[in-house]
>>> print(open('model-v3.txt').read())   # compact mmCIF, C-alpha atoms and all ligand atoms
# COMPACT_ATOMS: atom_id res chain seq x y z
CA MET A 1165 0.00 0.00 0.00
CA GLY A 1166 1.93 3.01 -1.28
CA VAL A 1167 5.68 3.20 -1.45
CA GLU A 1168 7.92 5.48 0.59
CA ILE A 1169 10.19 7.90 -1.24
CA ARG A 1170 13.32 8.98 0.60
CA VAL A 1171 15.27 11.90 -0.78
CA GLU A 1172 18.78 12.42 0.60
CA GLY A 1173 21.09 15.39 -0.01
CA LEU A 1174 19.67 16.12 -3.46
CA THR A 1175 21.25 18.96 -5.44
CA LYS A 1176 20.20 20.12 -8.91
CA ARG A 1177 21.95 22.65 -11.14
CA PHE A 1178 21.53 23.74 -14.71
CA GLY A 1179 25.00 24.89 -15.76
CA ARG A 1180 26.00 27.36 -13.06
CA GLN A 1181 22.45 27.98 -11.87
CA VAL A 1182 21.81 26.12 -8.61
CA ILE A 1183 18.10 25.20 -8.49
CA TRP A 1184 18.17 23.71 -5.00
CA GLU A 1185 20.80 22.01 -2.90
CA ASP A 1186 21.05 19.41 -0.21
CA VAL A 1187 17.33 18.64 -0.14
CA SER A 1188 16.42 15.75 2.14
CA LEU A 1189 12.87 14.64 2.87
CA THR A 1190 10.70 11.58 3.17
CA LEU A 1191 7.33 11.10 1.51
CA PRO A 1192 5.84 8.52 3.87
CA ALA A 1193 4.12 5.53 2.27
CA GLY A 1194 0.43 6.08 1.69
CA GLU A 1195 0.45 9.70 2.90
CA ILE A 1196 -0.50 12.87 1.04
CA SER A 1197 2.18 15.56 0.90
CA VAL A 1198 2.15 19.03 -0.61
CA LEU A 1199 5.20 20.85 -1.98
CA LEU A 1200 5.03 24.65 -1.93
CA GLY A 1201 7.36 27.38 -3.06
CA PRO A 1202 7.41 30.63 -4.99
CA SER A 1203 7.34 30.39 -8.78
CA GLY A 1204 10.69 29.35 -10.20
CA THR A 1205 12.05 27.68 -7.06
CA GLY A 1206 12.28 24.34 -8.84
CA LYS A 1207 9.18 22.42 -7.79
CA SER A 1208 8.58 21.00 -11.26
CA VAL A 1209 12.30 20.23 -11.55
CA PHE A 1210 12.01 18.39 -8.23
CA LEU A 1211 9.15 16.18 -9.48
CA LYS A 1212 11.02 15.42 -12.70
CA THR A 1213 14.10 14.48 -10.66
CA LEU A 1214 12.02 12.08 -8.52
CA ILE A 1215 10.99 10.11 -11.60
CA GLY A 1216 14.43 10.25 -13.21
CA LEU A 1217 13.56 12.57 -16.10
CA LEU A 1218 16.24 14.93 -14.81
CA ARG A 1219 19.48 13.81 -13.17
CA PRO A 1220 20.65 15.56 -10.01
CA GLU A 1221 24.27 16.56 -9.52
CA ARG A 1222 24.32 14.93 -6.08
CA GLY A 1223 22.15 12.89 -3.77
CA HIS A 1224 19.74 9.98 -3.73
CA VAL A 1225 16.08 9.31 -4.45
CA TRP A 1226 15.22 6.00 -2.84
CA VAL A 1227 12.04 4.35 -4.08
CA GLY A 1228 12.04 1.09 -2.14
CA ASP A 1229 15.60 -0.20 -2.56
CA GLN A 1230 16.09 1.53 -5.94
CA ASP A 1231 18.09 4.76 -6.14
CA VAL A 1232 16.45 6.54 -9.09
CA PRO A 1233 19.42 8.71 -10.26
CA ARG A 1234 21.61 5.60 -10.45
CA LEU A 1235 19.27 3.28 -12.31
CA SER A 1236 20.02 1.93 -15.77
CA GLU A 1237 17.51 2.88 -18.47
CA SER A 1238 15.80 -0.52 -18.28
CA LYS A 1239 15.50 -0.44 -14.47
CA LEU A 1240 14.26 3.14 -14.63
CA TYR A 1241 11.58 2.06 -17.11
CA GLU A 1242 10.42 -0.58 -14.60
CA THR A 1243 10.50 1.78 -11.60
CA ARG A 1244 8.54 4.44 -13.49
CA LYS A 1245 5.59 2.05 -13.67
CA LEU A 1246 5.12 2.69 -9.95
CA PHE A 1247 4.45 6.36 -10.71
CA GLY A 1248 1.43 8.16 -12.07
CA VAL A 1249 2.40 11.70 -13.02
CA LEU A 1250 0.29 14.71 -13.85
CA PHE A 1251 2.66 17.21 -15.44
CA GLN A 1252 2.14 20.94 -15.01
CA ASP A 1253 1.04 21.44 -18.62
CA GLY A 1254 -0.98 18.21 -18.73
CA ALA A 1255 1.47 16.88 -21.36
CA LEU A 1256 -1.31 15.33 -23.47
CA PHE A 1257 -0.60 14.30 -27.05
CA GLY A 1258 -2.24 17.01 -29.13
CA SER A 1259 -3.14 14.76 -32.05
CA MET A 1260 -4.77 12.03 -29.92
CA ASN A 1261 -8.28 12.19 -28.55
CA LEU A 1262 -8.79 11.98 -24.79
CA PHE A 1263 -9.61 8.27 -24.86
CA ASP A 1264 -6.36 7.42 -26.64
CA ASN A 1265 -4.36 9.79 -24.45
CA ILE A 1266 -5.67 8.13 -21.29
CA ALA A 1267 -5.29 4.63 -22.77
CA PHE A 1268 -1.68 5.36 -23.77
CA PRO A 1269 0.10 4.03 -20.63
CA LEU A 1270 -2.01 0.84 -20.74
CA ARG A 1271 -1.11 0.20 -24.38
CA GLU A 1272 2.54 1.10 -23.76
CA HIS A 1273 3.13 -0.79 -20.50
CA THR A 1274 0.64 -3.68 -20.42
CA LYS A 1275 -0.60 -6.46 -22.67
CA LYS A 1276 -4.25 -5.82 -21.82
CA LYS A 1277 -6.89 -6.45 -24.49
CA GLU A 1278 -8.81 -3.47 -25.94
CA GLY A 1279 -11.99 -4.44 -24.08
CA GLU A 1280 -10.20 -4.29 -20.73
CA ILE A 1281 -8.46 -1.06 -21.72
CA LYS A 1282 -11.82 0.48 -22.55
CA ARG A 1283 -13.24 -0.55 -19.18
CA ILE A 1284 -10.31 0.98 -17.28
CA VAL A 1285 -10.23 4.19 -19.33
CA MET A 1286 -13.97 4.74 -18.93
CA GLU A 1287 -13.74 4.06 -15.16
CA LYS A 1288 -11.01 6.71 -14.78
CA MET A 1289 -12.85 9.17 -17.03
CA GLU A 1290 -15.90 8.79 -14.85
CA LEU A 1291 -13.80 9.32 -11.74
CA VAL A 1292 -12.58 12.71 -13.02
CA GLY A 1293 -15.93 13.69 -14.57
CA LEU A 1294 -15.00 13.46 -18.25
CA VAL A 1295 -17.50 10.92 -19.57
CA GLY A 1296 -18.76 12.07 -22.95
CA ALA A 1297 -15.51 13.82 -23.88
CA GLU A 1298 -13.66 10.67 -25.04
CA GLY A 1299 -13.53 11.74 -28.68
CA LYS A 1300 -12.37 15.32 -28.07
CA LEU A 1301 -8.85 16.48 -28.89
CA PRO A 1302 -6.88 18.29 -26.14
CA GLY A 1303 -7.09 21.50 -28.18
CA GLU A 1304 -10.88 21.37 -28.15
CA ILE A 1305 -11.41 21.34 -24.38
CA SER A 1306 -10.90 23.76 -21.50
CA GLY A 1307 -7.73 23.96 -19.41
CA GLY A 1308 -9.54 22.42 -16.44
CA MET A 1309 -10.68 19.47 -18.56
CA ARG A 1310 -7.11 18.95 -19.79
CA LYS A 1311 -5.95 18.82 -16.16
CA ARG A 1312 -8.56 16.22 -15.35
CA ALA A 1313 -7.64 14.18 -18.44
CA GLY A 1314 -4.00 14.32 -17.33
CA LEU A 1315 -5.05 13.10 -13.90
CA ALA A 1316 -7.07 10.23 -15.40
CA ARG A 1317 -4.04 9.23 -17.45
CA ALA A 1318 -1.85 9.36 -14.33
CA LEU A 1319 -4.22 6.89 -12.65
CA VAL A 1320 -4.72 4.17 -15.29
CA LEU A 1321 -1.87 1.94 -14.13
CA ASP A 1322 -3.10 2.03 -10.50
CA PRO A 1323 0.14 3.68 -9.42
CA GLU A 1324 1.70 3.27 -5.97
CA ILE A 1325 2.94 6.86 -6.18
CA ILE A 1326 1.05 9.82 -7.66
CA LEU A 1327 2.82 13.09 -8.45
CA CYS A 1328 0.64 16.05 -9.44
CA ASP A 1329 2.19 19.29 -10.62
CA GLU A 1330 -0.37 22.04 -9.97
CA PRO A 1331 -3.48 19.93 -10.62
CA ASP A 1332 -5.58 22.93 -9.55
CA SER A 1333 -4.02 25.76 -11.55
CA GLY A 1334 -6.56 27.24 -13.91
CA LEU A 1335 -9.49 25.64 -12.09
CA ASP A 1336 -12.31 27.65 -10.56
CA PRO A 1337 -12.67 27.44 -6.75
CA VAL A 1338 -15.57 24.97 -6.85
CA ARG A 1339 -13.72 22.62 -9.20
CA THR A 1340 -10.64 22.97 -6.98
CA SER A 1341 -12.72 21.79 -3.99
CA TYR A 1342 -13.98 18.82 -5.96
CA LEU A 1343 -10.47 18.01 -7.13
CA ASN A 1344 -9.17 18.14 -3.55
CA GLN A 1345 -11.95 15.82 -2.45
CA LEU A 1346 -11.10 13.50 -5.36
CA ILE A 1347 -7.44 13.35 -4.31
CA VAL A 1348 -8.36 12.56 -0.71
CA ASP A 1349 -10.88 9.90 -1.84
CA LEU A 1350 -8.32 8.35 -4.19
CA ASN A 1351 -5.77 8.15 -1.43
CA ALA A 1352 -8.36 6.50 0.82
CA GLN A 1353 -9.28 4.00 -1.91
CA ILE A 1354 -5.90 2.96 -3.31
CA GLY A 1355 -3.53 4.08 -0.54
CA ALA A 1356 -1.04 5.60 -2.98
CA THR A 1357 1.72 7.89 -1.78
CA ILE A 1358 0.77 11.30 -3.18
CA LEU A 1359 2.80 14.45 -3.75
CA ILE A 1360 1.00 17.57 -4.95
CA VAL A 1361 2.65 20.78 -6.07
CA THR A 1362 0.23 23.64 -5.60
CA HIS A 1363 -0.01 27.41 -5.18
CA ASP A 1364 -3.45 27.08 -3.60
CA ILE A 1365 -3.05 27.89 0.09
CA ASN A 1366 -6.42 26.47 1.01
CA THR A 1367 -5.42 23.15 -0.57
CA ALA A 1368 -2.11 23.21 1.28
CA ARG A 1369 -3.83 23.96 4.59
CA THR A 1370 -6.60 21.35 4.41
CA VAL A 1371 -5.59 18.40 2.20
CA PRO A 1372 -2.15 16.99 3.06
CA ASP A 1373 -0.65 15.01 5.90
CA ASN A 1374 2.69 16.74 5.26
CA ILE A 1375 3.88 20.02 3.80
CA GLY A 1376 7.27 20.99 2.37
CA LEU A 1377 8.38 24.49 1.41
CA LEU A 1378 11.13 25.33 -1.10
CA PHE A 1379 12.61 28.82 -0.96
CA ARG A 1380 15.97 30.31 -1.89
CA ARG A 1381 17.41 27.06 -3.19
CA GLN A 1382 16.67 25.26 0.07
CA LEU A 1383 13.96 23.09 1.50
CA VAL A 1384 13.07 25.53 4.32
CA MET A 1385 10.91 23.06 6.23
CA CYS A 1386 9.12 19.79 5.62
CA GLY A 1387 6.98 17.86 8.05
CA PRO A 1388 3.48 17.21 9.37
CA ARG A 1389 0.78 19.69 8.34
CA GLU A 1390 0.25 20.91 11.90
CA MET A 1391 3.96 21.58 12.35
CA LEU A 1392 4.08 23.98 9.40
CA LEU A 1393 0.69 25.56 10.07
CA SER A 1394 1.77 26.46 13.60
CA SER A 1395 5.33 27.42 12.65
CA GLU A 1396 6.67 30.87 13.52
CA GLU A 1397 9.50 30.55 11.00
CA PRO A 1398 9.10 33.78 8.95
CA VAL A 1399 9.19 32.25 5.45
CA VAL A 1400 6.85 29.39 6.36
CA ARG A 1401 4.54 31.74 8.15
CA GLN A 1402 4.38 34.23 5.31
CA PHE A 1403 3.88 31.60 2.61
CA LEU A 1404 1.27 29.48 4.38
CA ASN A 1405 -0.72 32.56 5.28
CA ALA A 1406 -0.34 34.23 1.87
CA ARG A 1407 0.96 37.47 3.40
CA ARG A 1408 2.89 40.30 1.81
CA VAL A 1409 4.82 41.08 5.00
CA GLY A 1410 7.81 38.76 5.43
CA PRO A 1411 11.05 37.70 3.78
CA ILE A 1412 9.49 36.69 0.41
CA GLY A 1413 9.29 39.54 -2.10
CA MET A 1414 7.93 39.93 -5.60
CA SER A 1415 11.20 38.72 -7.13
CA GLU A 1416 11.69 35.91 -4.63
CA GLU A 1417 13.69 37.58 -1.87
CA LYS A 1418 13.28 41.01 -0.29
CA ASP A 1419 16.44 43.01 0.20
CA VAL A 1420 17.55 44.41 3.55
CA SER A 1421 16.20 47.91 2.85
CA GLU A 1422 12.72 46.55 2.06
CA LEU A 1423 12.72 44.54 5.28
CA GLU A 1424 13.91 47.57 7.28
CA ALA A 1425 11.16 49.70 5.73
CA GLU A 1426 8.57 47.10 6.72
CA ALA A 1427 9.89 47.05 10.28
CA LYS A 1428 9.84 50.90 10.46
CA MET A 1429 6.26 51.02 9.26
CA GLY A 1430 5.36 48.78 12.16
CA HIS A 1431 4.22 45.90 9.96
CA ASP A 1432 4.13 42.76 11.96
CA PRO A 1433 3.30 39.33 10.66
CA GLY A 1434 0.17 39.24 12.81
CA ARG A 1435 -1.25 36.35 14.76
CA LEU A 1436 -1.24 32.86 13.34
CA PRO A 1437 -4.66 32.08 11.93
CA PRO A 1438 -6.56 29.01 13.19
CA ILE A 1439 -5.56 25.59 11.86
CA PRO A 1440 -8.47 24.16 9.87
CA PRO A 1441 -9.60 20.55 10.22
CA GLN A 1442 -8.18 18.20 7.60
CA LEU A 1443 -10.42 17.10 4.75
CA LEU A 1444 -11.82 13.58 5.24
CA PRO A 1445 -12.81 11.17 2.45
CA SER A 1446 -16.36 11.78 1.29
CA ASN A 1447 -17.47 8.42 2.71
CA GLY A 1448 -16.50 9.83 6.11
CA ARG A 1449 -14.00 7.09 6.92
CA VAL A 1450 -10.65 8.10 8.35
CA ARG A 1451 -7.77 7.35 5.99
CA PRO A 1452 -5.31 4.78 7.42
CA THR A 1453 -2.48 7.33 7.44
CA GLN A 1454 -4.52 10.24 8.78
CA SER A 1455 -3.59 11.62 12.22
CA PRO A 1456 -6.22 12.79 14.71
CA PRO A 1457 -6.59 16.59 14.77
CA GLY A 1458 -4.14 18.20 17.18
CA ALA A 1459 -2.02 15.02 17.55
CA TRP A 1460 1.23 16.57 16.37
CA LEU A 1461 0.60 19.74 18.41
CA ARG A 1462 -0.07 17.77 21.60
CA ALA A 1463 2.96 15.52 21.09
CA ASN A 1464 5.13 18.62 20.69
CA GLY A 1465 3.62 20.77 23.42
CA VAL A 1466 2.33 23.40 20.97
CA THR A 1467 -0.90 25.26 21.73
CA PRO A 1468 -2.91 25.72 18.52
CA PRO A 1469 -4.07 29.25 17.62
CA ALA A 1470 -7.51 30.10 19.00
CA GLY A 1471 -10.37 28.80 16.85
CA SER A 1472 -8.36 25.91 15.37
CA PHE A 1473 -10.05 22.72 14.14
CA ILE A 1474 -13.49 24.32 14.02
CA ASP A 1475 -15.28 23.55 10.75
CA GLU A 1476 -17.72 25.67 8.75
CA LEU A 1477 -20.63 24.22 10.73
CA GLY A 1478 -19.05 25.44 13.97
CA ARG A 1479 -18.11 21.98 15.25
CA ASN A 1480 -14.87 21.67 17.19
CA TRP A 1481 -13.09 18.58 15.82
CA LEU A 1482 -10.74 18.33 18.81
CA GLU A 1483 -13.82 17.44 20.87
CA GLU A 1484 -15.78 15.72 18.11
CA TRP A 1485 -13.01 13.39 16.95
CA PRO A 1486 -13.04 10.56 19.55
CA ARG A 1487 -16.82 10.19 19.23
CA TYR A 1488 -16.65 10.41 15.46
CA VAL A 1489 -13.94 7.73 15.17
CA ALA A 1490 -15.76 5.43 17.63
CA THR A 1491 -18.98 5.68 15.63
CA MET A 1492 -17.17 5.16 12.33
CA SER A 1493 -15.20 2.13 13.46
CA VAL A 1494 -18.32 0.19 14.43
CA GLY A 1495 -19.71 0.83 10.96
CA ALA A 1496 -22.79 2.77 11.94
CA GLY A 1497 -24.15 2.59 8.47
CA ALA A 1498 -21.17 4.35 6.94
CA PRO A 1499 -20.92 3.70 3.21
CA THR A 1500 -17.76 1.86 2.12
CA ARG A 1501 -17.39 3.67 -1.19
CA PRO A 1502 -17.28 7.42 -1.70
CA GLY A 1503 -20.75 8.74 -2.18
CA PRO A 1504 -22.76 11.87 -1.58
CA VAL A 1505 -22.58 13.16 1.96
CA THR A 1506 -25.89 13.97 3.60
CA GLN A 1507 -26.68 15.82 6.75
CA PRO A 1508 -27.06 13.39 9.65
CA GLY A 1509 -30.24 13.11 11.64
CA PRO A 1510 -30.19 13.17 15.44
CA GLY A 1511 -27.84 10.59 16.95
CA LYS A 1512 -26.13 9.81 13.65
CA THR A 1513 -22.47 10.31 12.81
CA PRO A 1514 -21.79 13.93 11.86
CA PRO A 1515 -20.59 14.53 8.31
CA PRO A 1516 -16.83 14.91 8.03
CA PRO A 1517 -15.19 18.33 7.97
CA GLY A 1518 -15.09 19.73 4.50
CA GLY A 1519 -17.31 16.94 3.27
CA VAL A 1520 -20.43 19.06 3.03
CA ARG A 1521 -20.76 20.81 -0.27
CA ALA A 1522 -23.01 23.80 -0.32
N1 LIG B 1601 15.46 21.74 -18.67
C1 LIG B 1601 15.89 22.88 -18.12
N2 LIG B 1601 17.04 23.44 -18.49
C2 LIG B 1601 17.49 24.58 -17.91
N3 LIG B 1601 16.84 25.23 -16.91
C3 LIG B 1601 15.69 24.71 -16.49
C4 LIG B 1601 15.14 23.51 -17.07
N4 LIG B 1601 13.97 23.24 -16.43
C5 LIG B 1601 13.79 24.21 -15.53
N5 LIG B 1601 14.82 25.10 -15.56
C6 LIG B 1601 14.98 26.26 -14.66
O1 LIG B 1601 14.84 25.80 -13.33
C7 LIG B 1601 14.20 26.77 -12.52
C8 LIG B 1601 13.04 26.13 -11.77
O2 LIG B 1601 12.02 25.81 -12.70
P1 LIG B 1601 10.70 25.05 -12.29
O3 LIG B 1601 9.89 24.91 -13.51
O4 LIG B 1601 11.04 23.80 -11.56
O5 LIG B 1601 10.01 26.07 -11.27
P2 LIG B 1601 8.65 25.92 -10.45
O6 LIG B 1601 8.97 26.04 -9.00
O7 LIG B 1601 7.96 24.70 -10.90
O8 LIG B 1601 7.85 27.23 -10.90
P3 LIG B 1601 6.25 27.46 -11.15
O9 LIG B 1601 5.63 27.59 -9.79
O10 LIG B 1601 6.21 28.74 -11.91
O11 LIG B 1601 5.75 26.27 -11.93
C9 LIG B 1601 13.78 27.91 -13.46
O12 LIG B 1601 14.74 28.93 -13.36
C10 LIG B 1601 13.85 27.27 -14.84
O13 LIG B 1601 14.16 28.20 -15.82
MG MG B 1602 6.25 24.32 -11.94
>>> encode(input="model-v3.txt", output="structure tokens", more="lines below")
Ligand SMILES: Nc1ncnc2c1ncn2[C@@H]1O[C@H](COP(=O)(O)OP(=O)(O)OP(=O)(O)O)[C@@H](O)[C@H]1O
Ligand SMILES: [Mg+2]
Amino acid sequence: MGVEIRVEGLTKRFGRQVIWEDVSLTLPAGEISVLLGPSGTGKSVFLKTLIGLLRPERGHVWVGDQDVPRLSESKLYETRKLFGVLFQDGALFGSMNLFDNIAFPLREHTKKKEGEIKRIVMEKMELVGLVGAEGKLPGEISGGMRKRAGLARALVLDPEIILCDEPDSGLDPVRTSYLNQLIVDLNAQIGATILIVTHDINTARTVPDNIGLLFRRQLVMCGPREMLLSSEEPVVRQFLNARRVGPIGMSEEKDVSELEAEAKMGHDPGRLPPIPPQLLPSNGRVRPTQSPPGAWLRANGVTPPAGSFIDELGRNWLEEWPRYVATMSVGAGAPTRPGPVTQPGPGKTPPPPGGVRA
């Protein structure tokens, strides 16, 4: 169920341009992680290095007992089958219709018959809401549809690891919510290890188990969601709260005079906003790798900002959680497959945070 990726001391340069250096992190098996960073900090380069499309100057990318940068072409070909990748631009073949684009990995990597291929492709197209668009060319559909087609293609081989480069860019806020729910549901269903690159702060705050932040050629911090959301580290704090005040400027880094001017004007980074509850699968079941709300904070003696873990219905998930989990684990009529979430009647399990769509 999911495969761990362990990155050790990774450094990438293009000529004399250092993209990032000495990056070490673990993507725990079966967990959802988000990678953040200002534009141009090398997030897409990082994903391409994980799958061996780009070679780092130094360091290791362990996928099981295979070190990706050191694999022969044939071994790399085998290891890549573990990955489903949604590239930033969708990377669909312009001359192929959506059906053939999504079927491509199955025809390339498996010996499945066309009937079986059709079944799988249609199942994935339904999952991402593209049924009816099979015959369309990538140039004939919207950017959001291309993203979803790219995601369907990333899923056809039932990958152990899913990498998504900005799956939500160019999507409207409602579609972004649905996409986030889809990612969480997928993780609950197939247990894949997932890494998402995003600029959407709401996604970063509510979806993942872990967050990493690239800035100034370094991995500034990487760890459990609650650790970064409660962090006072200025770069982490500014980025995760989408603030203008802080070390990150328009062209990546503010200079000393800009920072001094901010200090003189009395700008302060303000109080940390509340930590939201984490999105649950739409069937309401807790994912195997999901931590109870507040677990990291308690274990590390950190008091969450006031108002944390309260959802849009005003329920406090720090209090609600034990009862919720107890009710869920005895079944209590919970559906086993993702389905529409309804408001509970008296005495029933409450709907999960984020699971109610207005
Ligand atoms: N194949 C390449 N050859 C040379 N330089 C490259 C190559 N690919 C990327 N770069 C450079 O690496 C840097 C990081 O690019 P990358 O696309 O990874 O940024 P990013 O963090 O994904 O940005 P964004 O958020 O805008 O997508 C950029 O300066 C880019 O020009
Ligand atoms: Mg990018």
>>> closest_residue(input="model-v3.txt", among="A:Glu1237, A:Asp1186, A:Glu1298, A:Glu1397", to="A:His1224", atoms="all atoms listed in the file")
A:Asp1186
>>> residues_near_ligand(input="model-v3.txt", ligand="ligand MG 1602 (chain B)", cutoff="7 Å", atoms="all atoms listed in the file", output="PyMOL selection string")
chain A and resi 1203-1204+1206-1208+1252+1329
>>> axis_aligned_box(input="model-v3.txt", around="ligand LIG 1601 (chain B)", padding_each_side="3 Å", output="lines of an AutoDock Vina configuration file")
center_x = 11.6
center_y = 25.3
center_z = -13.8
size_x = 17.9
size_y = 13.2
size_z = 15.7
>>> closest_atom_pairs(input="model-v3.txt", of="chain A", to="ligand LIG 1601 (chain B)", cutoff="10 Å", atoms="all atoms listed in the file", output="JSON lines")
{"residue": "A:Lys1176", "atom": "CA", "partner": "B:LIG1601", "partner_atom": "O1", "distance": 9.0}
{"residue": "A:Arg1177", "atom": "CA", "partner": "B:LIG1601", "partner_atom": "O1", "distance": 8.1}
{"residue": "A:Phe1178", "atom": "CA", "partner": "B:LIG1601", "partner_atom": "C2", "distance": 5.2}
{"residue": "A:Gly1179", "atom": "CA", "partner": "B:LIG1601", "partner_atom": "C2", "distance": 7.8}
{"residue": "A:Gln1181", "atom": "CA", "partner": "B:LIG1601", "partner_atom": "O12", "distance": 7.9}
{"residue": "A:Val1182", "atom": "CA", "partner": "B:LIG1601", "partner_atom": "O1", "distance": 8.4}
{"residue": "A:Ile1183", "atom": "CA", "partner": "B:LIG1601", "partner_atom": "C7", "distance": 5.8}
{"residue": "A:Trp1184", "atom": "CA", "partner": "B:LIG1601", "partner_atom": "C8", "distance": 8.8}
{"residue": "A:Leu1199", "atom": "CA", "partner": "B:LIG1601", "partner_atom": "O6", "distance": 9.5}
{"residue": "A:Leu1200", "atom": "CA", "partner": "B:LIG1601", "partner_atom": "O6", "distance": 8.2}
{"residue": "A:Gly1201", "atom": "CA", "partner": "B:LIG1601", "partner_atom": "O6", "distance": 6.3}
{"residue": "A:Pro1202", "atom": "CA", "partner": "B:LIG1601", "partner_atom": "O9", "distance": 6.0}
{"residue": "A:Ser1203", "atom": "CA", "partner": "B:LIG1601", "partner_atom": "O9", "distance": 3.4}
{"residue": "A:Gly1204", "atom": "CA", "partner": "B:LIG1601", "partner_atom": "O5", "distance": 3.5}
{"residue": "A:Thr1205", "atom": "CA", "partner": "B:LIG1601", "partner_atom": "O6", "distance": 4.0}
{"residue": "A:Gly1206", "atom": "CA", "partner": "B:LIG1601", "partner_atom": "O4", "distance": 3.0}
{"residue": "A:Lys1207", "atom": "CA", "partner": "B:LIG1601", "partner_atom": "O6", "distance": 3.8}
{"residue": "A:Ser1208", "atom": "CA", "partner": "B:LIG1601", "partner_atom": "O4", "distance": 3.7}
{"residue": "A:Val1209", "atom": "CA", "partner": "B:LIG1601", "partner_atom": "O4", "distance": 3.8}
{"residue": "A:Phe1210", "atom": "CA", "partner": "B:LIG1601", "partner_atom": "O4", "distance": 6.4}
{"residue": "A:Leu1211", "atom": "CA", "partner": "B:LIG1601", "partner_atom": "O4", "distance": 8.1}
{"residue": "A:Lys1212", "atom": "CA", "partner": "B:LIG1601", "partner_atom": "O4", "distance": 8.5}
{"residue": "A:Thr1213", "atom": "CA", "partner": "B:LIG1601", "partner_atom": "O4", "distance": 9.9}
{"residue": "A:Leu1217", "atom": "CA", "partner": "B:LIG1601", "partner_atom": "N1", "distance": 9.7}
{"residue": "A:Leu1218", "atom": "CA", "partner": "B:LIG1601", "partner_atom": "N1", "distance": 7.9}
{"residue": "A:Gln1252", "atom": "CA", "partner": "B:LIG1601", "partner_atom": "O11", "distance": 7.1}
{"residue": "A:Asp1253", "atom": "CA", "partner": "B:LIG1601", "partner_atom": "O11", "distance": 9.5}
{"residue": "A:Asp1329", "atom": "CA", "partner": "B:LIG1601", "partner_atom": "O7", "distance": 7.9}
{"residue": "A:Glu1330", "atom": "CA", "partner": "B:LIG1601", "partner_atom": "O11", "distance": 7.7}
{"residue": "A:Ser1333", "atom": "CA", "partner": "B:LIG1601", "partner_atom": "O11", "distance": 9.8}
{"residue": "A:Val1361", "atom": "CA", "partner": "B:LIG1601", "partner_atom": "O7", "distance": 8.2}
{"residue": "A:Thr1362", "atom": "CA", "partner": "B:LIG1601", "partner_atom": "O9", "distance": 7.9}
{"residue": "A:His1363", "atom": "CA", "partner": "B:LIG1601", "partner_atom": "O9", "distance": 7.3}
{"residue": "A:Leu1378", "atom": "CA", "partner": "B:LIG1601", "partner_atom": "O6", "distance": 8.2}
{"residue": "A:Phe1379", "atom": "CA", "partner": "B:LIG1601", "partner_atom": "O6", "distance": 9.3}
{"residue": "A:Arg1381", "atom": "CA", "partner": "B:LIG1601", "partner_atom": "C8", "distance": 9.7}
>>> write_last_selection(input="model-v3.txt", atoms="C-alpha atoms", output="JSON list (two decimals), keeping the file's coordinate frame")
[["chain", "number", "residue", "atom", "x", "y", "z"],
["A", 1176, "LYS", "CA", 20.20, 20.12, -8.91],
["A", 1177, "ARG", "CA", 21.95, 22.65, -11.14],
["A", 1178, "PHE", "CA", 21.53, 23.74, -14.71],
["A", 1179, "GLY", "CA", 25.00, 24.89, -15.76],
["A", 1181, "GLN", "CA", 22.45, 27.98, -11.87],
["A", 1182, "VAL", "CA", 21.81, 26.12, -8.61],
["A", 1183, "ILE", "CA", 18.10, 25.20, -8.49],
["A", 1184, "TRP", "CA", 18.17, 23.71, -5.00],
["A", 1199, "LEU", "CA", 5.20, 20.85, -1.98],
["A", 1200, "LEU", "CA", 5.03, 24.65, -1.93],
["A", 1201, "GLY", "CA", 7.36, 27.38, -3.06],
["A", 1202, "PRO", "CA", 7.41, 30.63, -4.99],
["A", 1203, "SER", "CA", 7.34, 30.39, -8.78],
["A", 1204, "GLY", "CA", 10.69, 29.35, -10.20],
["A", 1205, "THR", "CA", 12.05, 27.68, -7.06],
["A", 1206, "GLY", "CA", 12.28, 24.34, -8.84],
["A", 1207, "LYS", "CA", 9.18, 22.42, -7.79],
["A", 1208, "SER", "CA", 8.58, 21.00, -11.26],
["A", 1209, "VAL", "CA", 12.30, 20.23, -11.55],
["A", 1210, "PHE", "CA", 12.01, 18.39, -8.23],
["A", 1211, "LEU", "CA", 9.15, 16.18, -9.48],
["A", 1212, "LYS", "CA", 11.02, 15.42, -12.70],
["A", 1213, "THR", "CA", 14.10, 14.48, -10.66],
["A", 1217, "LEU", "CA", 13.56, 12.57, -16.10],
["A", 1218, "LEU", "CA", 16.24, 14.93, -14.81],
["A", 1252, "GLN", "CA", 2.14, 20.94, -15.01],
["A", 1253, "ASP", "CA", 1.04, 21.44, -18.62],
["A", 1329, "ASP", "CA", 2.19, 19.29, -10.62],
["A", 1330, "GLU", "CA", -0.37, 22.04, -9.97],
["A", 1333, "SER", "CA", -4.02, 25.76, -11.55],
["A", 1361, "VAL", "CA", 2.65, 20.78, -6.07],
["A", 1362, "THR", "CA", 0.23, 23.64, -5.60],
["A", 1363, "HIS", "CA", -0.01, 27.41, -5.18],
["A", 1378, "LEU", "CA", 11.13, 25.33, -1.10],
["A", 1379, "PHE", "CA", 12.61, 28.82, -0.96],
["A", 1381, "ARG", "CA", 17.41, 27.06, -3.19]]
>>> residues_around(input="model-v3.txt", residues="A:Pro1233", least_positions_apart="6", cutoff="9 Å", atoms="all atoms listed in the file", output="list in words")
Thr1213, Leu1214, Ile1215, Gly1216, Leu1218, Arg1219, Pro1220, Arg1222, Gly1223, His1224, Val1225, Trp1226 and Leu1240 of chain A
>>> residues_around(input="model-v3.txt", residues="stretch 1282-1286 of chain A", least_positions_apart="3", cutoff="7 Å", atoms="only C-alpha atoms", output="ChimeraX atom specification")
/A:1263,1266-1267,1278-1279,1289-1290,1320
